[in-house]
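Peer 1: Compact mmCIF, C-alpha atoms, file target-v4.txt:
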```
# COMPACT_ATOMS: atom_id res chain seq x y z
CA MET A 141 0.00 0.00 0.00
CA LYS A 142 1.60 3.28 -1.06
CA LEU A 143 0.78 6.87 -1.99
CA SER A 144 3.40 8.40 -4.27
CA LEU A 145 3.80 12.01 -5.32
CA SER A 146 6.34 11.87 -8.15
CA SER A 147 7.83 15.27 -8.97
CA VAL A 148 4.45 16.84 -8.32
CA GLU A 149 4.14 20.55 -9.04
CA TRP A 150 1.15 22.83 -8.61
CA ASN A 151 1.22 26.58 -9.10
CA ALA A 152 -0.99 29.48 -8.08
CA GLY A 153 0.46 32.70 -9.52
CA SER A 154 4.01 33.03 -8.26
CA TRP A 155 3.43 30.49 -5.47
CA LYS A 156 4.72 27.01 -6.31
CA PHE A 157 4.12 23.67 -4.64
CA HIS A 158 6.59 20.85 -5.09
CA ALA A 159 6.65 17.34 -3.66
CA ASP A 160 8.56 14.16 -4.33
CA ALA A 161 7.43 11.72 -1.68
CA SER A 162 6.11 8.28 -0.83
CA PHE A 163 3.71 7.55 2.01
CA THR A 164 3.51 3.99 3.34
CA PRO A 165 1.21 2.61 6.10
CA GLY A 166 1.45 4.45 9.39
CA VAL A 167 0.74 7.93 10.71
CA HIS A 168 2.43 10.77 8.82
CA LEU A 169 2.28 14.19 10.51
CA VAL A 170 2.68 17.28 8.31
CA SER A 171 3.30 20.70 9.86
CA GLY A 172 4.34 24.08 8.49
CA ARG A 173 3.64 27.81 8.57
CA VAL A 174 0.30 29.17 7.45
CA GLY A 175 0.19 29.31 3.66
CA SER A 176 3.05 26.84 3.28
CA GLY A 177 0.99 24.32 1.28
CA LYS A 178 -0.42 21.79 3.75
CA THR A 179 -3.96 21.96 2.39
CA THR A 180 -2.64 21.85 -1.18
CA LEU A 181 -0.79 18.64 -0.27
CA ALA A 182 -4.00 17.19 1.19
CA LEU A 183 -6.05 18.09 -1.89
CA LEU A 184 -3.43 16.76 -4.31
CA SER A 185 -3.09 13.54 -2.29
CA ALA A 186 -6.86 13.07 -2.36
CA ARG A 187 -6.86 13.73 -6.13
CA LEU A 188 -9.14 16.71 -5.67
CA LEU A 189 -6.48 18.87 -7.33
CA GLN A 190 -4.74 17.83 -10.51
CA PRO A 191 -0.99 18.49 -10.51
CA HIS A 192 0.37 20.81 -13.17
CA ALA A 193 3.35 18.46 -13.48
CA GLY A 194 4.27 15.04 -12.10
CA ALA A 195 1.92 12.33 -10.90
CA VAL A 196 -0.03 11.25 -7.81
CA GLU A 197 -0.17 7.46 -7.76
CA TYR A 198 -2.07 5.00 -5.55
CA GLU A 199 -0.71 1.49 -5.07
CA ASP A 200 -3.07 -1.07 -3.47
CA ILE A 201 -5.22 1.75 -2.09
CA ARG A 202 -8.84 0.67 -2.42
CA SER A 203 -10.52 3.09 -0.05
CA TYR A 204 -9.57 6.68 0.64
CA THR A 205 -11.08 9.87 1.96
CA LEU A 206 -10.23 13.41 2.98
CA SER A 207 -11.50 15.36 5.97
CA PHE A 208 -11.55 19.03 5.05
CA GLN A 209 -10.11 21.66 7.33
CA TYR A 210 -13.60 23.19 7.64
CA PRO A 211 -16.24 20.69 8.84
CA GLU A 212 -19.03 22.82 7.38
CA TYR A 213 -17.74 21.98 3.88
CA HIS A 214 -18.84 18.36 4.39
CA ILE A 215 -22.48 18.97 5.22
CA THR A 216 -25.00 17.54 2.75
CA GLY A 217 -27.86 16.53 5.09
CA SER A 218 -30.39 18.71 6.88
CA THR A 219 -30.15 16.59 10.05
CA LEU A 220 -27.35 14.73 11.78
CA HIS A 221 -29.22 11.51 10.95
CA GLU A 222 -29.15 12.31 7.21
CA GLU A 223 -25.58 13.47 7.45
CA ALA A 224 -24.42 10.18 9.03
CA GLU A 225 -26.34 8.20 6.41
CA SER A 226 -24.47 10.09 3.69
CA TYR A 227 -21.28 8.52 5.06
CA GLY A 228 -22.90 5.06 5.03
CA VAL A 229 -22.69 4.67 8.80
CA ASP A 230 -25.29 4.04 11.48
CA PRO A 231 -26.68 7.45 12.53
CA SER A 232 -27.34 6.54 16.15
CA ALA A 233 -23.87 5.10 16.57
CA ALA A 234 -22.28 8.14 14.89
CA CYS A 235 -24.15 10.53 17.18
CA ALA A 236 -23.21 8.51 20.25
CA ARG A 237 -19.55 8.38 19.20
CA ALA A 238 -19.54 12.19 18.91
CA GLY A 239 -21.23 12.67 22.28
CA LEU A 240 -24.48 13.71 20.58
CA ALA A 241 -26.68 10.74 21.49
CA GLY A 242 -30.36 11.46 20.93
CA ARG A 243 -29.70 14.56 18.82
CA GLY A 244 -29.93 12.96 15.37
CA HIS A 245 -32.88 15.19 14.44
CA GLU A 246 -30.85 18.39 14.85
CA ASP A 247 -29.63 20.62 12.02
CA PRO A 248 -25.83 20.20 11.66
CA PHE A 249 -25.50 23.97 11.32
CA ARG A 250 -27.01 24.43 14.77
CA LEU A 251 -24.12 22.54 16.39
CA SER A 252 -21.14 24.36 17.75
CA ARG A 253 -18.17 24.17 15.43
CA GLY A 254 -16.35 21.75 17.73
CA GLU A 255 -19.39 19.49 17.96
CA LEU A 256 -19.73 19.52 14.18
CA LYS A 257 -16.05 18.73 13.70
CA LEU A 258 -16.16 15.77 16.09
CA PHE A 259 -19.37 14.48 14.51
CA GLN A 260 -17.93 14.65 10.99
CA LEU A 261 -14.72 12.92 12.08
CA SER A 262 -16.72 10.29 14.00
CA CYS A 263 -18.58 9.42 10.77
CA LEU A 264 -15.24 8.96 8.98
CA PHE A 265 -13.69 6.91 11.76
CA MET A 266 -16.54 4.41 11.76
CA ARG A 267 -15.04 2.94 8.59
CA ARG A 268 -11.53 1.72 7.86
CA TRP A 269 -9.54 3.47 5.16
CA ASP A 270 -6.47 2.46 3.21
CA LEU A 271 -5.70 6.18 2.86
CA LEU A 272 -7.09 8.67 5.36
CA ILE A 273 -6.19 12.33 4.84
CA LEU A 274 -7.02 14.66 7.72
CA ASP A 275 -6.58 18.40 7.18
CA GLU A 276 -6.51 20.15 10.58
CA PRO A 277 -8.50 17.46 12.42
CA PHE A 278 -7.97 19.07 15.83
CA SER A 279 -9.12 22.64 15.18
CA ALA A 280 -12.15 23.65 17.27
CA LEU A 281 -12.05 20.46 19.37
CA ASP A 282 -11.79 20.54 23.15
CA CYS A 283 -9.06 18.44 24.74
CA ARG A 284 -11.30 15.40 25.23
CA GLY A 285 -12.30 15.53 21.57
CA LYS A 286 -8.66 15.81 20.54
CA LEU A 287 -7.72 12.78 22.62
CA ALA A 288 -10.61 10.81 21.06
CA VAL A 289 -9.40 11.75 17.58
CA CYS A 290 -5.86 10.66 18.47
CA ARG A 291 -7.21 7.26 19.55
CA SER A 292 -9.18 6.90 16.32
CA ILE A 293 -6.15 7.82 14.22
CA GLY A 294 -4.22 5.09 16.04
CA GLU A 295 -6.92 2.56 15.20
CA ASN A 296 -6.44 3.31 11.49
CA ARG A 297 -2.63 3.13 11.48
CA SER A 298 -2.60 -0.14 9.47
CA GLY A 299 -3.52 2.14 6.58
CA ILE A 300 -1.84 5.37 5.49
CA VAL A 301 -2.90 8.32 7.65
CA LEU A 302 -1.81 11.78 6.55
CA VAL A 303 -2.43 14.43 9.23
CA SER A 304 -1.84 18.14 8.55
CA THR A 305 -2.07 20.17 11.73
CA HIS A 306 -1.14 23.23 13.75
CA GLU A 307 -2.14 21.52 16.99
CA GLN A 308 0.24 22.48 19.79
CA HIS A 309 -0.53 20.08 22.63
CA ILE A 310 -2.46 16.91 21.81
CA LEU A 311 -1.07 14.94 18.90
CA PRO A 312 -1.37 11.32 17.77
CA LYS A 313 1.34 8.69 18.02
CA THR A 314 3.26 9.47 14.86
CA ASP A 315 5.49 7.30 12.66
CA TYR A 316 6.90 9.87 10.25
CA LEU A 317 7.32 13.63 10.32
CA TRP A 318 7.06 15.94 7.31
CA GLU A 319 7.20 19.71 6.94
CA MET A 320 5.87 22.07 4.32
CA ARG A 321 8.20 25.01 3.79
CA THR A 322 7.07 27.70 1.34
CA GLY A 323 5.57 25.12 -1.00
CA ASP A 324 8.21 22.40 -0.65
CA LEU A 325 7.45 19.12 1.10
CA ILE A 326 10.39 18.03 3.26
CA PHE A 327 10.75 14.60 4.90
CA ARG A 328 12.12 14.91 8.44
CA GLY A 329 12.14 11.15 9.09
CA PRO A 330 10.82 8.69 11.68
CA LEU A 331 10.09 9.61 15.27
CA PRO A 332 11.73 10.39 17.63
CA GLU A 333 14.87 11.19 15.61
CA ALA A 334 13.01 13.69 13.45
CA ILE A 335 12.10 15.89 16.42
CA THR A 336 15.52 17.53 16.63
CA ALA A 337 15.24 18.89 13.07
CA TRP A 338 11.56 19.86 13.30
CA GLU A 339 11.51 23.58 12.42
CA SER A 340 7.77 24.18 12.83
CA ALA A 341 7.53 22.20 16.07
CA PRO A 342 4.75 23.09 18.53
CA GLY A 343 5.59 25.27 21.53
CA PRO A 344 5.83 22.47 24.13
CA ILE A 345 8.19 20.45 21.92
CA ARG A 346 10.38 23.51 21.43
CA MET A 347 10.45 24.11 25.16
CA LEU A 348 11.43 20.50 25.92
CA ARG A 349 14.00 20.49 23.15
CA GLY A 350 15.46 23.72 24.52
CA GLN A 351 16.01 21.89 27.82
CA GLY A 352 17.74 19.01 26.04
CA VAL A 353 14.79 16.63 26.44
CA ILE A 354 13.40 14.76 23.42
CA PRO A 355 10.05 12.99 23.90
CA ALA A 356 9.75 9.42 22.65
CA ASN A 357 6.85 10.46 20.45
CA LEU A 358 4.26 13.24 20.24
CA THR A 359 1.35 11.92 22.32
CA ARG A 360 0.22 13.69 25.47
CA ASP A 361 1.67 10.85 27.54
CA ASP A 362 5.02 11.21 25.74
CA ILE A 363 5.05 14.95 26.43
CA LEU A 364 4.15 14.41 30.10
CA GLU A 365 6.89 11.80 30.47
CA ALA A 366 9.43 14.11 28.83
CA GLU A 367 8.32 16.97 31.04
CA CYS A 368 8.96 14.75 34.10
CA ARG A 369 12.44 13.94 32.79
CA MET A 370 13.07 17.67 32.41
CA HIS A 371 12.60 18.09 36.15
CA GLU A 372 14.91 15.18 37.10
CA MET B 25 -16.00 46.48 31.40
CA ILE B 26 -18.62 43.98 30.29
CA GLU B 27 -21.46 43.21 32.67
CA ILE B 28 -24.06 40.46 32.33
CA ARG B 29 -27.20 40.16 34.46
CA ASP B 30 -29.83 37.41 34.48
CA LEU B 31 -28.94 36.36 30.95
CA VAL B 32 -30.96 33.67 29.21
CA PHE B 33 -30.17 32.92 25.58
CA ARG B 34 -30.03 29.53 23.88
CA VAL B 35 -27.86 27.31 26.11
CA LEU B 36 -26.68 30.24 28.26
CA ARG B 37 -27.92 30.81 31.82
CA ILE B 38 -25.77 33.43 33.55
CA GLY B 39 -26.92 35.22 36.71
CA HIS B 40 -24.22 37.86 37.11
CA LEU B 41 -20.84 38.11 35.46
CA VAL B 42 -18.40 40.99 35.21
CA VAL B 43 -15.59 40.93 32.66
CA PRO B 44 -13.14 43.66 33.65
CA GLU B 45 -10.80 45.53 31.34
CA GLY B 46 -7.75 43.52 30.30
CA THR B 47 -7.58 40.14 28.63
CA THR B 48 -10.03 37.38 29.52
CA ALA B 49 -10.01 33.80 28.23
CA LEU B 50 -13.28 31.98 27.80
CA ILE B 51 -12.81 28.21 27.95
CA GLY B 52 -15.06 25.18 28.13
CA SER B 53 -15.96 22.00 26.34
CA ASN B 54 -17.49 21.95 22.85
CA GLY B 55 -21.09 23.11 22.94
CA SER B 56 -20.79 24.88 26.30
CA GLY B 57 -21.91 28.24 24.85
CA LYS B 58 -18.62 30.06 24.33
CA THR B 59 -19.37 31.28 20.82
CA THR B 60 -22.92 32.27 21.79
CA LEU B 61 -21.59 34.40 24.64
CA LEU B 62 -18.95 36.05 22.47
CA ARG B 63 -21.54 36.95 19.84
CA LEU B 64 -23.69 38.57 22.54
CA MET B 65 -20.70 40.57 23.76
CA ALA B 66 -20.01 41.73 20.20
CA GLY B 67 -23.62 42.83 19.69
CA LEU B 68 -24.19 40.19 17.01
CA ALA B 69 -27.08 38.67 18.96
CA ARG B 70 -29.55 39.89 21.60
CA PRO B 71 -30.45 37.91 24.72
CA ASP B 72 -33.96 36.53 25.12
CA SER B 73 -33.97 37.97 28.61
CA GLY B 74 -31.53 39.68 30.94
CA SER B 75 -28.96 42.22 29.92
CA ILE B 76 -25.43 42.57 28.64
CA THR B 77 -23.64 45.90 28.58
CA VAL B 78 -20.22 46.97 27.41
CA ASP B 79 -18.97 50.07 29.20
CA GLY B 80 -22.57 50.70 30.23
CA MET B 81 -23.95 50.52 26.67
CA VAL B 82 -25.87 47.77 24.89
CA PRO B 83 -23.42 46.39 22.31
CA VAL B 84 -24.33 46.78 18.66
CA PRO B 85 -22.77 45.20 15.55
CA GLY B 86 -19.52 46.93 14.71
CA SER B 87 -18.95 48.22 18.22
CA ALA B 88 -16.22 45.64 18.83
CA GLY B 89 -13.49 44.13 16.69
CA PHE B 90 -14.68 40.58 16.10
CA VAL B 91 -13.01 37.49 14.63
CA ASP B 92 -15.37 34.61 13.84
CA GLU B 93 -14.33 31.01 14.44
CA TYR B 94 -15.36 30.18 10.86
CA PRO B 95 -12.58 31.73 8.75
CA ASP B 96 -14.84 32.03 5.71
CA ARG B 97 -17.49 33.97 7.64
CA ASN B 98 -15.19 36.89 8.34
CA ALA B 99 -14.71 38.03 4.76
CA LEU B 100 -17.04 40.63 3.22
CA PHE B 101 -14.92 41.40 0.18
CA SER B 102 -13.19 39.31 -2.44
CA ARG B 103 -9.78 41.04 -2.38
CA LEU B 104 -7.52 41.07 0.69
CA ALA B 105 -6.79 44.81 0.36
CA ASP B 106 -10.52 45.58 0.37
CA GLU B 107 -11.13 43.24 3.29
CA LEU B 108 -8.56 45.07 5.40
CA ALA B 109 -9.79 48.48 4.23
CA GLY B 110 -13.48 47.74 4.92
CA PRO B 111 -13.72 48.88 8.56
CA LEU B 112 -11.98 52.17 7.71
CA ARG B 113 -14.08 52.84 4.61
CA PHE B 114 -17.27 52.24 6.61
CA ARG B 115 -16.04 54.99 8.94
CA HIS B 116 -15.38 57.33 5.98
CA VAL B 117 -11.65 57.53 6.61
CA PRO B 118 -9.98 59.39 3.69
CA CYS B 119 -8.78 57.09 0.89
CA GLU B 120 -5.09 58.02 1.22
CA GLU B 121 -5.19 57.27 4.94
CA VAL B 122 -6.98 53.96 4.27
CA ASP B 123 -4.30 52.89 1.78
CA ARG B 124 -1.51 53.86 4.16
CA ARG B 125 -3.00 51.96 7.08
CA VAL B 126 -3.82 48.89 4.97
CA ARG B 127 -0.23 48.64 3.76
CA LYS B 128 1.08 49.19 7.28
CA VAL B 129 -1.15 46.59 8.94
CA ALA B 130 -0.56 44.01 6.19
CA ALA B 131 3.19 44.41 6.68
CA THR B 132 2.88 43.61 10.38
CA ALA B 133 1.68 40.10 9.45
CA GLY B 134 3.89 39.59 6.40
CA LEU B 135 0.89 39.89 4.06
CA GLU B 136 2.02 43.03 2.22
CA ASP B 137 2.74 41.03 -0.94
CA HIS B 138 -0.69 39.39 -0.85
CA LEU B 139 -2.91 42.49 -0.91
CA GLU B 140 -4.16 41.83 -4.45
CA ARG B 141 -4.98 38.19 -3.74
CA SER B 142 -8.52 36.95 -3.75
CA MET B 143 -9.70 36.00 -0.25
CA ASP B 144 -10.72 32.54 -1.41
CA THR B 145 -7.13 31.75 -2.44
CA LEU B 146 -5.78 32.39 1.07
CA SER B 147 -5.01 29.44 3.31
CA GLY B 148 -7.10 28.93 6.45
CA GLY B 149 -4.39 30.49 8.60
CA GLU B 150 -3.93 33.44 6.24
CA LYS B 151 -7.70 34.06 6.32
CA VAL B 152 -7.60 34.12 10.10
CA LEU B 153 -4.67 36.54 10.14
CA ALA B 154 -6.54 38.73 7.63
CA ALA B 155 -9.62 38.66 9.88
CA LEU B 156 -7.52 39.65 12.87
CA LEU B 157 -5.90 42.54 10.97
CA SER B 158 -9.31 43.67 9.73
CA ALA B 159 -10.59 43.65 13.30
CA LEU B 160 -7.57 45.61 14.53
CA ILE B 161 -7.24 48.19 11.77
CA SER B 162 -9.87 50.53 13.24
CA SER B 163 -8.26 50.32 16.70
CA PRO B 164 -11.32 49.00 18.57
CA GLY B 165 -11.59 49.41 22.33
CA ILE B 166 -13.15 45.97 22.63
CA LEU B 167 -11.75 42.93 20.84
CA ILE B 168 -13.72 39.66 20.70
CA LEU B 169 -11.80 36.67 19.33
CA ASP B 170 -13.49 33.34 18.73
CA GLU B 171 -10.86 30.60 18.66
CA PHE B 172 -8.91 31.99 15.74
CA ASP B 173 -5.69 30.50 17.18
CA SER B 174 -6.50 26.90 16.21
CA HIS B 175 -5.73 27.80 12.59
CA LEU B 176 -2.25 29.14 13.30
CA ASP B 177 1.18 27.55 13.58
CA TYR B 178 3.31 28.38 16.60
CA ASP B 179 5.27 31.22 14.97
CA SER B 180 2.13 32.79 13.50
CA LEU B 181 0.52 32.49 16.90
CA LEU B 182 3.35 34.46 18.51
CA LEU B 183 2.93 37.11 15.81
CA ALA B 184 -0.83 37.29 16.43
CA GLU B 185 -0.24 37.62 20.18
CA ASP B 186 2.08 40.57 19.56
CA LEU B 187 -0.53 42.21 17.34
CA ILE B 188 -3.24 41.76 19.98
CA SER B 189 -1.12 42.96 22.90
CA SER B 190 0.00 46.07 21.00
CA SER B 191 -3.47 46.84 19.61
CA GLY B 192 -4.42 49.21 22.40
CA ALA B 193 -7.75 47.42 22.96
CA ARG B 194 -8.90 48.03 26.55
CA THR B 195 -10.78 44.77 26.75
CA VAL B 196 -9.97 41.53 24.95
CA VAL B 197 -12.20 38.49 25.35
CA ARG B 198 -11.00 35.38 23.61
CA CYS B 199 -12.24 31.85 23.36
CA THR B 200 -9.53 29.23 22.98
CA GLN B 201 -8.84 25.51 23.37
CA ASN B 202 -5.14 26.32 23.86
CA MET B 203 -4.82 26.33 27.64
CA ASP B 204 -1.32 27.81 27.53
CA LEU B 205 -2.82 30.86 25.84
CA ALA B 206 -5.65 30.97 28.37
CA ALA B 207 -3.13 30.81 31.21
CA GLN B 208 -1.45 33.98 29.90
CA CYS B 209 -4.66 36.00 30.19
CA GLY B 210 -5.44 38.15 33.21
CA ARG B 211 -8.68 36.32 33.87
CA VAL B 212 -10.24 33.00 32.89
CA ILE B 213 -13.92 32.08 32.68
CA VAL B 214 -14.97 28.43 32.41
CA LEU B 215 -18.35 27.75 30.82
CA HIS B 216 -20.09 24.43 31.35
CA ARG B 217 -23.45 23.69 29.74
CA GLY B 218 -24.19 27.39 29.42
CA MET B 219 -23.32 28.32 33.00
CA VAL B 220 -20.23 29.90 34.52
CA LEU B 221 -18.43 27.10 36.33
CA HIS B 222 -15.38 29.13 37.38
CA ALA B 223 -14.23 32.72 36.94
CA GLY B 224 -11.05 34.19 38.33
CA SER B 225 -7.33 34.50 37.86
CA PRO B 226 -5.56 31.75 35.88
CA GLU B 227 -4.07 30.49 39.15
CA GLU B 228 -7.49 30.20 40.77
CA VAL B 229 -9.23 28.63 37.80
CA PHE B 230 -6.54 26.18 36.70
CA SER B 231 -5.97 24.97 40.25
CA THR B 232 -9.44 23.41 39.88
CA LEU B 233 -8.43 21.68 36.64
CA GLU B 234 -5.15 20.07 37.72
CA GLY B 235 -4.92 16.48 36.55
CA THR B 236 -7.29 17.02 33.63
CA CYS B 237 -6.36 17.40 29.97
CA CYS B 238 -7.36 21.07 30.35
CA TYR B 239 -4.40 21.81 32.63
CA PRO B 240 -1.87 24.01 30.80
CA PHE B 241 1.46 22.49 29.81
CA SER B 242 3.21 25.74 30.74
CA ARG B 243 2.00 25.45 34.33
CA ARG B 244 3.23 21.85 34.62
CA ALA B 245 6.55 22.64 33.01
CA GLY B 246 7.07 25.74 35.12
CA ARG B 247 6.42 24.06 38.44
```
Output the file's structure in the form of structure tokens.

Peer 2:
Amino acid sequence: MKLSLSSVEWNAGSWKFHADASFTPGVHLVSGRVGSGKTTLALLSARLLQPHAGAVEYEDIRSYTLSFQYPEYHITGSTLHEEAESYGVDPSAACARAGLAGRGHEDPFRLSRGELKLFQLSCLFMRRWDLLILDEPFSALDCRGKLAVCRSIGENRSGIVLVSTHEQHILPKTDYLWEMRTGDLIFRGPLPEAITAWESAPGPIRMLRGQGVIPANLTRDDILEAECRMHE
Amino acid sequence: MIEIRDLVFRVLRIGHLVVPEGTTALIGSNGSGKTTLLRLMAGLARPDSGSITVDGMVPVPGSAGFVDEYPDRNALFSRLADELAGPLRFRHVPCEEVDRRVRKVAATAGLEDHLERSMDTLSGGEKVLAALLSALISSPGILILDEFDSHLDYDSLLLAEDLISSSGARTVVRCTQNMDLAAQCGRVIVLHRGMVLHAGSPEEVFSTLEGTCCYPFSRRAGR
């Protein structure tokens, strides 16, 4: 199972995106400054954008999906029940998974943004995907929602999971680290080795790194353990 | 100062709450009513009953700088330069002054080379920065920020914090899920199912949240 971006280029005016990369099963975390090309990478990988040069190739990938940065972009139903059905999942189970049990009759646009985000992700996570692309899955979620999403990402790690995020504190167990830098996709390597070279690292990682402490991975437990080591 | 009395609106049930001048963080789980409360403070909604006043006045739309949590809902215009200029043009600021201030404020966020870009070509984070600049350009006394920070990387977040702290706004109320940001505010309010669960200094409020995932990393690390 492999996603390959072979000499992929995509241009918007003077801004240029370039990637030469292969993604194999596991969790791939992509970070980078605003406007660096993370969403472009997600759209190209999901084949929702056609590259101006190069090729995006799927090998043994039979099921794939993309979660947009904005959960409101996904809405097609007038109730949560209809919305869950549009994903082909059981509406009651989807509502319960998102902490919205008994609210299937409600208009998705009446939910708070965090509730909507968790509901939309819950619908996705009720199926298994060979390729799961998540663009900013943690935005708008409270910490319990973020931890639930991290667990769900872990449950899908036998496939390829591509996570673009600015999240600073609660991240999934990650296999490989990538960075977007002004349109260029850069492979930083496997964890934890990649942490030392991570330019767009979240604040807590920078703080630990500044104290000479490298966490074993990026999960909350890893950060807490590293923080304890910092005080030893 | 913002004062709320006997407020009932949607999920919100607040007896009495005073938000003093300075920076206040509004935190709480998803669906607890944070956005609803911020919209009331910004004059974008009216309570069913009870009252909310800002410096003794009922807030009206446009009375506060406001950044919506939905990046696409902030934009009124299609071009970034027009989006930034909007609040000044609505106040009939002379064109030359508008142009000067637009260029100046765009430069503070590194967006000076993007002024001709269409808003729909900006990334999510760039849209949020544009919304923040648009809210700040008319130097509002009250700034209401609805979780804009979740769209920003760490360096952009530091930049945004500098812009907010140097804005001159007397009162800043911000909703966030970043507890390290909340811990830097002068005051923290915790909403739970529409009611105020805690309100006080960061020390007071976060001492009640120790051991939960809401406890700020900075407070653990700085112990």

Peer 1: Tell me the residues of chain A close to chain B, meaning within 8 Å using only C-alpha atoms, as a ChimeraX atom specification.

Peer 2: /A:172-175,179,209-210,251-255,276,278-284,306-309,340-344,367

Peer 1: Please indicate the distance in Å from atom CA of Arg29 of chain B to atom CA of Ser163 of chain B, rounded to one decimal place.

Peer 2: 27.9 Å

Peer 1: For Ile161 of chain B, list every protein, DNA or RNA residue within 9 Å, evaluated using all atoms listed in the file, and leave out those in the same chain fewer than 6 positions away; present the list as an MDAnalysis selection string.

Peer 2: chainID B and resid 89 108:109 111:112 125:126 129 191

Peer 1: Which of these, B:Val117, B:Leu64, B:Leu156, B:Leu104, has the shortest distance to Ile188 of chain B once you count all atoms listed in the file?

Peer 2: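 Distance minimum relative to Ile188 of chain B lands on B:Leu156.
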
Peer 1: Residues within 12 Å of Leu36 of chain B, please, as a count of residues only. Count all atoms listed in the file; anything in the same chain fewer than 2 positions from it doesn't count.

Peer 2: 31

Peer 1: Which residue gives the smallest distance to Glu107 of chain B among B:Val122, B:Val78, B:Ala193, B:Leu205, with all atoms listed in the file counted?

Peer 2: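 Closest residue, counting all atoms listed in the file: B:Val122.
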
Peer 1: Name all residues at most 7 Å from Asp92 of chain B (count only C-alpha atoms; drop same-chain ones fewer than 5 positions away) and give them as a ChimeraX atom specification.

Peer 2: /B:97-98,169-170

Peer 1: Just the residues within 10 Å of Thr336 of chain A, please, counting only C-alpha atoms, with nothing from its chain fewer than 5 positions along; format it as a list of chain:residue names.

Peer 2: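 My list of contacting residues is A:Arg328, A:Leu331, A:Ala341, A:Ile345, A:Arg346, A:Arg349, A:Gly352, A:Val353, A:Ile354.
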
Peer 1: Calculated over only C-alpha atoms, which of the candidates A:Ala337, A:Val148, A:Val196, A:Leu184 has the smallest distance to Ile273 of chain A?

Peer 2: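 Selected residue with least distance to Ile273 of chain A: A:Leu184.
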
Peer 1: May I ask for the distance between atom CA of Ser203 of chain A and atom CA of Leu271 of chain A, given in Å to one decimal place?

Peer 2: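 Result for atom CA of Ser203 of chain A versus atom CA of Leu271 of chain A: 6.4 Å, one decimal.
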
Peer 1: Contacts of Trp155 of chain A at 12 Å or less, counting all atoms listed in the file, minus same-chain residues fewer than 4 places along, as number ranges by chain?

Peer 2: A: 149-151, 175-177, 180, 321-324; B: 137-138, 141, 145-146
